[in-house]
Amino acid sequence: MACCGRCFCCQCCCREGETRTPEELTILGEIPDEEQILPRKDYESLDYDRCISEPYVEVLEGMDNKKAKKYEAVHWMMVFAIGVTVGLLGLFVDFFVRLFNKLKFTVVGDSIEKCSDKGCLSLSLLELLAFNMTFVFIASVLVLIEPVAAGSGIPEIKSYLNGVKIPGIVRLRTFLCKAAGVLFSVAGGLFVGKEGPMIHSGAIVGAGLPQFQSITFRKIKFDFPYFRSDRDKRDFVSAGAAAGVAAAFGAPIGGTLFSLEEGSSFWNQALTWKVLFCSMSATFTLNFFRSGINFSKWGSFQLPGLLNFGEFKCPDGDKNCHLWTAVDLAFFVLMGVVGGLLGALFNCMNKNLAKYRIRHIHPKAKFIRVLESLLVTMVTTIVIFAASMLGECRDLSTPTAHNTTLAGSEDINSTIRQFFCSNKTYNDMATLFFNPQEAAIHQLFHQDGTFSPVTLSVFFFLYFLLACWTYGVSVPSGLFVPSLLCGAAFGRLVANVLKVKLGMDIYSGTFALIGAAAFLGGVVRMTISLTVILIESTNEITYGLPIMITLMVAKWTGDFFNKGIYDIHIQLRGVPLLEWETEVEMDRLTASDIMETNLTYVYPHTRVQSLVSILRTTVYHAFPVVTENRQNERDFMKGNILISNNIHFKKSSVVSRAGEQRRRCQSMKSYPSSELRNVCDEQSAAVEPSEEGEDLLQQMLERRHAPYPNLYPDQSPSEEWTMEERFRPLTFHGLILRSQLVNLLIRGVCYAENQSSTNQPRLSYAELTEDYPRYPDIHDLDLTLLSPRMIVDVTPYMNPCPYTVSPNARISQVFNLFRTMGLRHLPVVNAVGEIVGIITRHNLTHEFLMAKLRQHYITI
């Protein structure tokens, strides 16, 4: 029989023959199945809730309209600066990617043209390998410097905006490695995009620019007291991520919706407006400079994003041509189903590859990751080169009359490859493989010439496999462009079949676009934001309905099998991500079922030695501030200033109806109206306090009194205590953070036992937040500077009014409060003001809730 031996009550809760789930084994501290990856407890949470301490209240009281407007103006300036910086970053990335690609394709293309007749194609292959492997080697080395720079960064940013702190995710070093690494990984011929890293880089800009400091340059510090909280930082990260999407696709509205749909758990109207302004600033900046550089017409705006799909329209004079018709919607729905199935297959294969890398590659020496990146590059290069030789020679139709402009000054026909083909023909496979990915997408969207079904099938199959293998190697890599290109090939294949086999008169570019949307939607499972991004990228509002239907069908189909690719990688990292809502069946549980009852707490007045012991022996980031409930409190108050201060604080902090009415009456006596004074006098007589023995708080305590041992605030729990002694009733007064306690100790905020607590030094809000976001550690404290018997009054610095929840609250209520308000800790307080437990992010993860639900069923 499997028993809960580690639980305090030591009661057996499993029947014979029943096995534990991996989640339950984790809860009990046992080893889970290696196939199951569970949320890790070592991830820190961000705190979106403000700590309403006395120093913070002093700042609010000193905030007049002039200061408030100044703060708001600085906020808008920071948002604008983030957008401009992200736009300039996009310009930098685009310029060097185009430069490297032009150099590579020019040299290798000339070599192929010369060697196709001389029979020295192996030399051309070696040149291509040299270019690609050199670029990818540089990108992989940059990731070794900062491992968090690998991948697209969207899973990490999504986790950050959800409230989870990923170490190093928004550091300057990560930004430098990401921005430089993506240049070489894209130029190195890997099937990756630069759009995902742009989103990550934009988020880093949003996190770092308003701080005016960096751990990379510790000595450079500015006296900038604004935005020193997780709340402000997460808002700026939301704006930076949206600006990254806007710069990547030229879609400011889509970027705003991306931050809303995929990122932030907390949102308000003011934040929406600022994020949209930031996205507009990024798009404007990138468009202005790219248009001026590429067309030498400064002031014209023709290139809004790094990836622009071009304008979809029928040839002039063709009245029978329609972009799409109602009949086509049926095929779009079927393409959405197929796209969802292909996306689910892609995600499943990539998940297994990621698990293999986690178990067999990441634990080994770091250079193994570089070797894997080089292996993927070598195979990809050989496949590109060999497939280009096997392409069919197709007749070059009349040059496209509409929308011939690509990202630069070249037109769409300039990217046609004639490798191994005679004049007036082109190699359809080489046109797709031997071009930058953006040019290949344009070919599939707008090229009037046909691509053979065999070419499209082979291209889709090879690209699908290599893109799946590539996503996850140790280089900065995005997934948007590979998914779009893969899906566009699928859509163009469908168009060819409908045109040739069924003789339908359709617009091939529309089917290529719908195929791209179907596959991308099946992989990432985005709906609202992706619809708007694609509409803004095509600049064609009539595509709104088919794109939306396709994405919805693709998402529903894919969700039947697995999660989106970003959610899968978040799960593989063990990040405790909170979804939008819980399942309905979770409401069978209450807050008392999932809360942590074994609390580590502090008293309003606590000795230095107790605080140091707590901070050095625990890893908790917040501690309830409590007082104990005793019957004979006056006896304890005699001769002990520490106990006396704690009891006095408890009595002064209790708000009763009578006491509150008395306070209001005292203020009403100052009114000139005699009628108000008379009413107040009458009520005061009714609530006049009795003798000291009739203290209201004392009466309340006596009604729920039970004998408890004499525990002083500087004593530690004993292993010999009974359950009642260990879990004694505690009146809850507030929460204080670990960073605040360490700050108080390092700055010597304490008083002697023979002094009053008013002699304790006072810290301002600026001093409390000066070291944000990297507060000092308790091990940095020099204990020789403090006397262990000194007392710390934590009450001015705690949050006296955090969000709390009743033990009887249902899980859906607890979950919505915790996620919507961006909380880090949620105390559970009973009807008489006693704290009975605390809920953190780990207690609300899907795996933990499922384990508790199963235990609930067993108990029933």
# chains A, B, ... in the order shown; residues from 1 in each chain; ligands from 1
$ residues_around --residues "region 424-432 of chain A" --least-positions-apart "5" --cutoff "12 Å" --atoms "only C-alpha atoms" --output "VMD selection string"
chain A and resid 105 109 112 383 to 399 412 to 419 437 to 445 447 449 to 460 462 to 463 485 to 486 488 to 489
$ select_by_dssp --residues "region 64-191 of chain A" --states "helix (DSSP H, G or I)" --output "short mmCIF file (atom, residue, chain, number, x, y, z; two decimals) with N, CA, C and O atoms, in the first residue's frame"
data_model
loop_
_atom_site.label_atom_id
_atom_site.label_comp_id
_atom_site.auth_asym_id
_atom_site.auth_seq_id
_atom_site.Cartn_x
_atom_site.Cartn_y
_atom_site.Cartn_z
N ASN A 65 -0.79 66.85 -9.05
CA ASN A 65 -1.13 66.75 -10.47
C ASN A 65 0.07 67.00 -11.37
O ASN A 65 0.24 66.34 -12.41
N LYS A 66 0.93 67.92 -10.97
CA LYS A 66 2.10 68.23 -11.77
C LYS A 66 3.05 67.04 -11.84
O LYS A 66 3.55 66.67 -12.91
N LYS A 67 3.30 66.41 -10.70
CA LYS A 67 4.18 65.25 -10.68
C LYS A 67 3.55 64.07 -11.42
O LYS A 67 4.26 63.30 -12.09
N ALA A 68 2.25 63.91 -11.27
CA ALA A 68 1.57 62.81 -11.96
C ALA A 68 1.67 62.98 -13.48
O ALA A 68 1.92 62.01 -14.21
N LYS A 69 1.49 64.20 -13.96
CA LYS A 69 1.62 64.45 -15.39
C LYS A 69 3.06 64.25 -15.86
O LYS A 69 3.29 63.75 -16.98
N LYS A 70 4.01 64.62 -15.03
CA LYS A 70 5.41 64.40 -15.39
C LYS A 70 5.72 62.90 -15.49
O LYS A 70 6.38 62.46 -16.44
N TYR A 71 5.21 62.14 -14.54
CA TYR A 71 5.41 60.69 -14.57
C TYR A 71 4.78 60.09 -15.84
O TYR A 71 5.38 59.24 -16.51
N GLU A 72 3.57 60.54 -16.17
CA GLU A 72 2.89 60.01 -17.36
C GLU A 72 3.65 60.40 -18.63
O GLU A 72 3.76 59.60 -19.57
N ALA A 73 4.19 61.62 -18.65
CA ALA A 73 4.97 62.05 -19.82
C ALA A 73 6.23 61.22 -19.99
O ALA A 73 6.60 60.84 -21.11
N VAL A 74 6.90 60.93 -18.88
CA VAL A 74 8.09 60.09 -18.95
C VAL A 74 7.72 58.69 -19.44
O VAL A 74 8.46 58.08 -20.23
N HIS A 75 6.57 58.18 -19.02
CA HIS A 75 6.11 56.87 -19.45
C HIS A 75 5.91 56.84 -20.97
O HIS A 75 6.35 55.91 -21.66
N TRP A 76 5.27 57.87 -21.51
CA TRP A 76 5.05 57.93 -22.95
C TRP A 76 6.37 58.09 -23.70
O TRP A 76 6.54 57.52 -24.80
N MET A 77 7.29 58.84 -23.15
CA MET A 77 8.60 58.99 -23.79
C MET A 77 9.33 57.66 -23.86
O MET A 77 9.98 57.34 -24.87
N MET A 78 9.24 56.89 -22.79
CA MET A 78 9.88 55.58 -22.79
C MET A 78 9.25 54.65 -23.83
O MET A 78 9.95 53.90 -24.53
N VAL A 79 7.93 54.70 -23.92
CA VAL A 79 7.24 53.86 -24.91
C VAL A 79 7.68 54.23 -26.32
O VAL A 79 7.96 53.36 -27.17
N PHE A 80 7.77 55.52 -26.60
CA PHE A 80 8.22 55.97 -27.92
C PHE A 80 9.67 55.56 -28.18
O PHE A 80 10.01 55.10 -29.28
N ALA A 81 10.52 55.70 -27.16
CA ALA A 81 11.93 55.32 -27.33
C ALA A 81 12.07 53.83 -27.59
O ALA A 81 12.91 53.41 -28.39
N ILE A 82 11.25 53.02 -26.93
CA ILE A 82 11.29 51.57 -27.18
C ILE A 82 10.92 51.27 -28.62
O ILE A 82 11.59 50.47 -29.31
N GLY A 83 9.85 51.89 -29.12
CA GLY A 83 9.43 51.65 -30.49
C GLY A 83 10.48 52.06 -31.49
O GLY A 83 10.77 51.32 -32.45
N VAL A 84 11.09 53.23 -31.31
CA VAL A 84 12.13 53.69 -32.23
C VAL A 84 13.34 52.75 -32.20
O VAL A 84 13.91 52.39 -33.25
N THR A 85 13.73 52.33 -31.00
CA THR A 85 14.89 51.44 -30.88
C THR A 85 14.63 50.11 -31.55
O THR A 85 15.51 49.56 -32.24
N VAL A 86 13.44 49.56 -31.38
CA VAL A 86 13.12 48.27 -32.02
C VAL A 86 13.10 48.44 -33.54
O VAL A 86 13.55 47.55 -34.28
N GLY A 87 12.58 49.57 -34.02
CA GLY A 87 12.60 49.82 -35.46
C GLY A 87 14.02 49.89 -36.01
O GLY A 87 14.32 49.33 -37.08
N LEU A 88 14.91 50.57 -35.30
CA LEU A 88 16.30 50.64 -35.73
C LEU A 88 16.97 49.27 -35.66
O LEU A 88 17.81 48.93 -36.51
N LEU A 89 16.60 48.48 -34.66
CA LEU A 89 17.13 47.12 -34.57
C LEU A 89 16.69 46.30 -35.79
O LEU A 89 17.51 45.56 -36.37
N GLY A 90 15.43 46.42 -36.19
CA GLY A 90 14.97 45.72 -37.38
C GLY A 90 15.72 46.15 -38.61
O GLY A 90 16.03 45.33 -39.49
N LEU A 91 16.01 47.44 -38.72
CA LEU A 91 16.80 47.94 -39.85
C LEU A 91 18.18 47.32 -39.86
O LEU A 91 18.69 46.90 -40.91
N PHE A 92 18.81 47.24 -38.70
CA PHE A 92 20.14 46.64 -38.58
C PHE A 92 20.12 45.17 -39.00
O PHE A 92 20.96 44.72 -39.79
N VAL A 93 19.15 44.43 -38.49
CA VAL A 93 19.07 43.01 -38.81
C VAL A 93 18.82 42.81 -40.30
O VAL A 93 19.48 42.00 -40.97
N ASP A 94 17.89 43.56 -40.85
CA ASP A 94 17.55 43.40 -42.27
C ASP A 94 18.73 43.75 -43.17
O ASP A 94 19.01 43.05 -44.15
N PHE A 95 19.44 44.81 -42.84
CA PHE A 95 20.55 45.26 -43.68
C PHE A 95 21.64 44.19 -43.78
O PHE A 95 22.10 43.85 -44.87
N PHE A 96 22.02 43.65 -42.64
CA PHE A 96 23.13 42.70 -42.66
C PHE A 96 22.70 41.33 -43.17
O PHE A 96 23.50 40.63 -43.80
N VAL A 97 21.47 40.93 -42.93
CA VAL A 97 21.00 39.67 -43.51
C VAL A 97 21.00 39.75 -45.03
O VAL A 97 21.44 38.82 -45.72
N ARG A 98 20.49 40.86 -45.57
CA ARG A 98 20.49 41.04 -47.01
C ARG A 98 21.91 41.12 -47.56
O ARG A 98 22.19 40.59 -48.64
N LEU A 99 22.80 41.76 -46.82
CA LEU A 99 24.19 41.88 -47.26
C LEU A 99 24.85 40.51 -47.32
O LEU A 99 25.50 40.15 -48.33
N PHE A 100 24.70 39.71 -46.27
CA PHE A 100 25.31 38.38 -46.24
C PHE A 100 24.70 37.47 -47.30
O PHE A 100 25.42 36.70 -47.96
N ASN A 101 23.38 37.52 -47.44
CA ASN A 101 22.73 36.66 -48.44
C ASN A 101 23.15 37.05 -49.86
O ASN A 101 23.37 36.17 -50.71
N LYS A 102 23.23 38.34 -50.12
CA LYS A 102 23.65 38.79 -51.45
C LYS A 102 25.06 38.34 -51.75
O LYS A 102 25.35 37.86 -52.87
N LEU A 103 25.94 38.45 -50.78
CA LEU A 103 27.32 38.01 -50.98
C LEU A 103 27.37 36.51 -51.25
O LEU A 103 28.03 36.04 -52.19
N LYS A 104 26.66 35.74 -50.45
CA LYS A 104 26.69 34.28 -50.58
C LYS A 104 26.08 33.82 -51.90
O LYS A 104 26.70 33.04 -52.65
N PHE A 105 24.89 34.27 -52.21
CA PHE A 105 24.21 33.80 -53.42
C PHE A 105 24.88 34.30 -54.69
O PHE A 105 24.85 33.62 -55.73
N THR A 106 25.52 35.46 -54.64
CA THR A 106 26.23 35.95 -55.82
C THR A 106 27.45 35.10 -56.11
O THR A 106 27.67 34.66 -57.26
N VAL A 107 28.25 34.84 -55.09
CA VAL A 107 29.47 34.05 -55.28
C VAL A 107 29.14 32.62 -55.68
O VAL A 107 29.67 32.08 -56.67
N VAL A 108 28.23 31.98 -54.96
CA VAL A 108 27.90 30.58 -55.25
C VAL A 108 27.12 30.47 -56.56
O VAL A 108 27.33 29.53 -57.34
N GLY A 109 26.23 31.43 -56.83
CA GLY A 109 25.47 31.38 -58.08
C GLY A 109 26.37 31.50 -59.30
O GLY A 109 26.20 30.77 -60.29
N ASP A 110 27.34 32.42 -59.24
CA ASP A 110 28.29 32.54 -60.35
C ASP A 110 29.10 31.27 -60.51
O ASP A 110 29.40 30.83 -61.64
N SER A 111 29.47 30.67 -59.40
CA SER A 111 30.24 29.43 -59.45
C SER A 111 29.44 28.30 -60.10
O SER A 111 29.97 27.52 -60.90
N ILE A 112 28.15 28.23 -59.78
CA ILE A 112 27.32 27.17 -60.37
C ILE A 112 27.15 27.39 -61.86
O ILE A 112 27.19 26.44 -62.66
N GLU A 113 26.95 28.65 -62.29
CA GLU A 113 26.81 28.93 -63.71
C GLU A 113 28.07 28.53 -64.49
O GLU A 113 27.99 28.01 -65.60
N LYS A 114 29.22 28.76 -63.88
CA LYS A 114 30.47 28.41 -64.55
C LYS A 114 30.74 26.91 -64.52
O LYS A 114 31.22 26.33 -65.48
N CYS A 115 30.42 26.29 -63.38
CA CYS A 115 30.77 24.88 -63.21
C CYS A 115 29.73 23.92 -63.79
O CYS A 115 29.98 22.72 -63.87
N SER A 116 28.56 24.43 -64.18
CA SER A 116 27.56 23.53 -64.76
C SER A 116 28.04 22.95 -66.08
O SER A 116 27.66 21.83 -66.46
N ASP A 117 28.89 23.69 -66.80
CA ASP A 117 29.45 23.19 -68.05
C ASP A 117 30.80 22.52 -67.85
O ASP A 117 31.14 21.57 -68.55
N LYS A 118 31.58 22.98 -66.88
CA LYS A 118 32.92 22.44 -66.66
C LYS A 118 32.93 21.21 -65.77
O LYS A 118 33.96 20.54 -65.64
N LEU A 121 30.94 21.12 -60.07
CA LEU A 121 29.89 21.51 -59.13
C LEU A 121 30.26 21.21 -57.68
O LEU A 121 29.73 21.84 -56.77
N SER A 122 31.15 20.22 -57.48
CA SER A 122 31.56 19.93 -56.11
C SER A 122 32.25 21.14 -55.48
O SER A 122 32.13 21.38 -54.28
N LEU A 123 32.96 21.91 -56.30
CA LEU A 123 33.60 23.12 -55.79
C LEU A 123 32.54 24.14 -55.36
O LEU A 123 32.69 24.81 -54.33
N SER A 124 31.48 24.25 -56.14
CA SER A 124 30.39 25.17 -55.78
C SER A 124 29.74 24.73 -54.47
O SER A 124 29.39 25.57 -53.62
N LEU A 125 29.58 23.42 -54.31
CA LEU A 125 29.00 22.91 -53.06
C LEU A 125 29.90 23.24 -51.87
O LEU A 125 29.42 23.63 -50.80
N LEU A 126 31.21 23.09 -52.06
CA LEU A 126 32.14 23.40 -50.98
C LEU A 126 32.09 24.90 -50.62
O LEU A 126 32.19 25.26 -49.45
N GLU A 127 31.93 25.74 -51.63
CA GLU A 127 31.81 27.18 -51.35
C GLU A 127 30.55 27.47 -50.53
O GLU A 127 30.59 28.24 -49.57
N LEU A 128 29.45 26.85 -50.93
CA LEU A 128 28.21 27.05 -50.19
C LEU A 128 28.32 26.52 -48.77
O LEU A 128 27.84 27.15 -47.81
N LEU A 129 28.95 25.36 -48.61
CA LEU A 129 29.17 24.80 -47.26
C LEU A 129 30.04 25.72 -46.42
O LEU A 129 29.78 25.91 -45.22
N ALA A 130 31.06 26.29 -47.03
CA ALA A 130 31.96 27.17 -46.29
C ALA A 130 31.22 28.40 -45.77
O ALA A 130 31.35 28.79 -44.60
N PHE A 131 30.41 29.00 -46.63
CA PHE A 131 29.63 30.17 -46.21
C PHE A 131 28.68 29.80 -45.07
O PHE A 131 28.66 30.44 -44.00
N ASN A 132 27.87 28.78 -45.31
CA ASN A 132 26.82 28.46 -44.35
C ASN A 132 27.38 28.00 -43.01
O ASN A 132 26.91 28.42 -41.94
N MET A 133 28.39 27.13 -43.03
CA MET A 133 28.92 26.60 -41.77
C MET A 133 29.68 27.67 -41.00
O MET A 133 29.69 27.65 -39.77
N THR A 134 30.30 28.59 -41.70
CA THR A 134 30.98 29.69 -40.99
C THR A 134 29.97 30.58 -40.28
O THR A 134 30.13 30.92 -39.10
N PHE A 135 28.90 30.93 -41.00
CA PHE A 135 27.87 31.78 -40.39
C PHE A 135 27.21 31.08 -39.19
O PHE A 135 27.01 31.69 -38.13
N VAL A 136 26.86 29.83 -39.37
CA VAL A 136 26.17 29.12 -38.30
C VAL A 136 27.11 28.87 -37.12
O VAL A 136 26.68 28.89 -35.95
N PHE A 137 28.37 28.66 -37.37
CA PHE A 137 29.33 28.47 -36.28
C PHE A 137 29.39 29.73 -35.41
O PHE A 137 29.39 29.65 -34.18
N ILE A 138 29.40 30.90 -36.04
CA ILE A 138 29.41 32.15 -35.28
C ILE A 138 28.13 32.27 -34.46
O ILE A 138 28.17 32.63 -33.27
N ALA A 139 26.99 31.96 -35.08
CA ALA A 139 25.72 32.05 -34.35
C ALA A 139 25.68 31.09 -33.18
O ALA A 139 25.19 31.43 -32.09
N SER A 140 26.21 29.88 -33.36
CA SER A 140 26.20 28.88 -32.30
C SER A 140 27.13 29.27 -31.16
O SER A 140 26.83 29.03 -29.98
N VAL A 141 28.25 29.88 -31.48
CA VAL A 141 29.18 30.33 -30.44
C VAL A 141 28.55 31.45 -29.61
O VAL A 141 28.72 31.50 -28.39
N LEU A 142 27.82 32.32 -30.26
CA LEU A 142 27.13 33.38 -29.52
C LEU A 142 26.12 32.81 -28.55
O LEU A 142 25.92 33.34 -27.44
N VAL A 143 25.46 31.72 -28.93
CA VAL A 143 24.51 31.08 -28.02
C VAL A 143 25.24 30.42 -26.85
O VAL A 143 24.71 30.35 -25.74
N LEU A 144 26.46 29.93 -27.08
CA LEU A 144 27.23 29.39 -25.96
C LEU A 144 27.52 30.47 -24.93
O LEU A 144 27.56 30.20 -23.72
N ILE A 145 27.72 31.69 -25.39
CA ILE A 145 27.98 32.79 -24.46
C ILE A 145 26.75 33.06 -23.60
O ILE A 145 26.85 33.28 -22.39
N PRO A 147 23.18 31.06 -23.32
CA PRO A 147 22.29 29.98 -23.81
C PRO A 147 20.84 30.39 -23.98
O PRO A 147 20.12 29.81 -24.80
N VAL A 148 20.37 31.39 -23.22
CA VAL A 148 18.97 31.81 -23.34
C VAL A 148 18.69 32.43 -24.71
O VAL A 148 17.53 32.52 -25.12
N ALA A 149 19.73 32.82 -25.44
CA ALA A 149 19.55 33.44 -26.75
C ALA A 149 19.15 32.43 -27.82
O ALA A 149 18.82 32.83 -28.94
N ILE A 154 10.13 33.38 -28.04
CA ILE A 154 8.71 33.63 -27.78
C ILE A 154 8.20 32.82 -26.59
O ILE A 154 7.44 33.35 -25.76
N PRO A 155 8.57 31.54 -26.44
CA PRO A 155 8.11 30.83 -25.22
C PRO A 155 8.58 31.50 -23.94
O PRO A 155 7.82 31.57 -22.97
N GLU A 156 9.81 31.99 -23.94
CA GLU A 156 10.32 32.64 -22.73
C GLU A 156 9.62 33.97 -22.45
O GLU A 156 9.27 34.27 -21.30
N ILE A 157 9.38 34.76 -23.50
CA ILE A 157 8.69 36.02 -23.31
C ILE A 157 7.24 35.79 -22.91
O ILE A 157 6.68 36.51 -22.06
N LYS A 158 6.63 34.78 -23.49
CA LYS A 158 5.26 34.45 -23.10
C LYS A 158 5.22 34.05 -21.62
O LYS A 158 4.30 34.44 -20.89
N SER A 159 6.21 33.31 -21.17
CA SER A 159 6.28 32.93 -19.76
C SER A 159 6.50 34.15 -18.88
O SER A 159 5.89 34.28 -17.81
N TYR A 160 7.36 35.06 -19.32
CA TYR A 160 7.64 36.26 -18.53
C TYR A 160 6.38 37.10 -18.37
O TYR A 160 6.06 37.57 -17.27
N LEU A 161 5.65 37.31 -19.46
CA LEU A 161 4.43 38.11 -19.38
C LEU A 161 3.35 37.39 -18.61
O LEU A 161 2.42 38.03 -18.10
N ASN A 162 3.43 36.07 -18.51
CA ASN A 162 2.49 35.31 -17.71
C ASN A 162 2.80 35.42 -16.23
O ASN A 162 1.98 35.05 -15.39
N LEU A 172 21.01 42.38 -21.13
CA LEU A 172 21.64 43.03 -22.28
C LEU A 172 22.51 42.05 -23.05
O LEU A 172 22.55 42.08 -24.29
N ARG A 173 23.20 41.16 -22.33
CA ARG A 173 24.04 40.18 -23.02
C ARG A 173 23.20 39.25 -23.89
O ARG A 173 23.61 38.86 -24.99
N THR A 174 22.01 38.90 -23.40
CA THR A 174 21.10 38.09 -24.22
C THR A 174 20.70 38.85 -25.47
O THR A 174 20.61 38.27 -26.57
N PHE A 175 20.44 40.13 -25.32
CA PHE A 175 20.05 40.96 -26.47
C PHE A 175 21.15 41.00 -27.53
O PHE A 175 20.89 40.83 -28.73
N LEU A 176 22.38 41.21 -27.10
CA LEU A 176 23.49 41.29 -28.05
C LEU A 176 23.71 39.97 -28.77
O LEU A 176 23.90 39.93 -30.00
N CYS A 177 23.65 38.87 -28.03
CA CYS A 177 23.84 37.55 -28.65
C CYS A 177 22.67 37.20 -29.57
O CYS A 177 22.86 36.57 -30.61
N LYS A 178 21.48 37.60 -29.19
CA LYS A 178 20.30 37.30 -29.99
C LYS A 178 20.32 38.09 -31.29
O LYS A 178 20.10 37.53 -32.38
N ALA A 179 20.54 39.39 -31.19
CA ALA A 179 20.50 40.24 -32.37
C ALA A 179 21.62 39.91 -33.35
O ALA A 179 21.41 39.89 -34.57
N ALA A 180 22.81 39.63 -32.83
CA ALA A 180 23.92 39.28 -33.72
C ALA A 180 23.79 37.85 -34.22
O ALA A 180 24.10 37.56 -35.38
N GLY A 181 23.34 36.95 -33.36
CA GLY A 181 23.25 35.55 -33.75
C GLY A 181 22.24 35.29 -34.83
O GLY A 181 22.44 34.44 -35.71
N VAL A 182 21.10 36.01 -34.80
CA VAL A 182 20.07 35.76 -35.81
C VAL A 182 20.55 36.17 -37.20
O VAL A 182 20.12 35.60 -38.21
N LEU A 183 21.44 37.14 -37.28
CA LEU A 183 22.01 37.51 -38.58
C LEU A 183 22.69 36.32 -39.23
O LEU A 183 22.48 36.01 -40.41
N PHE A 184 23.51 35.65 -38.45
CA PHE A 184 24.31 34.57 -39.01
C PHE A 184 23.51 33.29 -39.18
O PHE A 184 23.79 32.51 -40.09
N SER A 185 22.55 33.04 -38.32
CA SER A 185 21.75 31.82 -38.47
C SER A 185 20.87 31.89 -39.71
O SER A 185 20.71 30.89 -40.43
N VAL A 186 20.29 33.07 -40.00
CA VAL A 186 19.48 33.22 -41.21
C VAL A 186 20.37 33.23 -42.45
O VAL A 186 20.08 32.57 -43.45
N ALA A 187 21.49 33.96 -42.39
CA ALA A 187 22.40 33.99 -43.53
C ALA A 187 23.08 32.65 -43.75
O ALA A 187 23.55 32.37 -44.85
#
$ residues_around --residues "region 806-814 of chain A" --least-positions-apart "5" --cutoff "6 Å" --atoms "only C-alpha atoms" --output "list in words"
Asp587, Leu589, Thr590, Ala591, Ser592, Val828, Val829 and Asn830 of chain A
$ closest_residue --among "A:Leu375, A:Met526, A:Leu768, A:Leu781" --to "Arg228 (chain A)" --atoms "only C-alpha atoms"
A:Leu768
$ closest_residue --among "A:Pro546, A:Gly509, A:Cys348, A:Ser787" --to "Thr531 (chain A)" --atoms "only C-alpha atoms"
A:Pro546
$ residues_around --residues "Tyr603 (chain A)" --least-positions-apart "6" --cutoff "9 Å" --atoms "only C-alpha atoms" --output "PyMOL selection string"
chain A and resi 624-628+646+713+793-795
$ atom_distance --atom1 "CA of Ser483 (chain A)" --atom2 "CA of Ala516 (chain A)"
6.9 Å
$ residues_around --residues "region 260-262 of chain A" --least-positions-apart "5" --cutoff "12 Å" --atoms "only C-alpha atoms" --output "VMD selection string"
chain A and resid 154 to 162 199 235 237 to 239 241 to 242 245 253 to 255 267 to 269 271 to 273 275 to 276 524 to 532 564 566 to 567 577 to 580
$ residues_around --residues "region 468-480 of chain A" --least-positions-apart "6" --cutoff "6 Å" --atoms "only C-alpha atoms" --output "list of chain:residue names"
A:Ala139, A:Ser140, A:Ala150, A:Gly151, A:Ser152, A:Gly181, A:Val182, A:Val192, A:Gly193, A:Lys194, A:Glu195, A:Gly196, A:Asn350, A:Ser373
$ write_last_selection --atoms "C-alpha atoms" --output "compact mmCIF listing (two decimals), in the first residue's frame"
# COMPACT_ATOMS: atom_id res chain seq x y z
CA ALA A 139 25.72 32.05 -34.35
CA SER A 140 26.20 28.88 -32.30
CA ALA A 150 18.78 30.12 -28.50
CA GLY A 151 15.49 29.59 -30.27
CA SER A 152 12.88 32.22 -31.03
CA GLY A 181 23.25 35.55 -33.75
CA VAL A 182 20.07 35.76 -35.81
CA VAL A 192 14.80 29.67 -39.57
CA GLY A 193 13.30 33.15 -39.51
CA LYS A 194 14.30 36.40 -37.90
CA GLU A 195 10.79 37.40 -36.81
CA GLY A 196 10.71 35.39 -33.55
CA ASN A 350 9.68 18.53 -32.69
CA SER A 373 24.24 22.97 -35.32
$ closest_residue --among "A:Glu596, A:Asp328, A:Glu61, A:Glu585" --to "Phe511 (chain A)" --atoms "only C-alpha atoms"
A:Asp328
$ residues_around --residues "Leu551 (chain A)" --least-positions-apart "5" --cutoff "12 Å" --atoms "only C-alpha atoms" --output "PyMOL selection string"
chain A and resi 332-340+343+513-532+534+544-546+556-559
$ closest_residue --among "A:Arg728, A:Phe815, A:Ser300, A:Asp782" --to "Phe288 (chain A)" --atoms "only C-alpha atoms"
A:Ser300
$ atom_distance --atom1 "CA of Lys297 (chain A)" --atom2 "CA of Phe284 (chain A)"
14.9 Å
$ atom_distance --atom1 "CA of Ser291 (chain A)" --atom2 "CA of Gly305 (chain A)"
10.3 Å
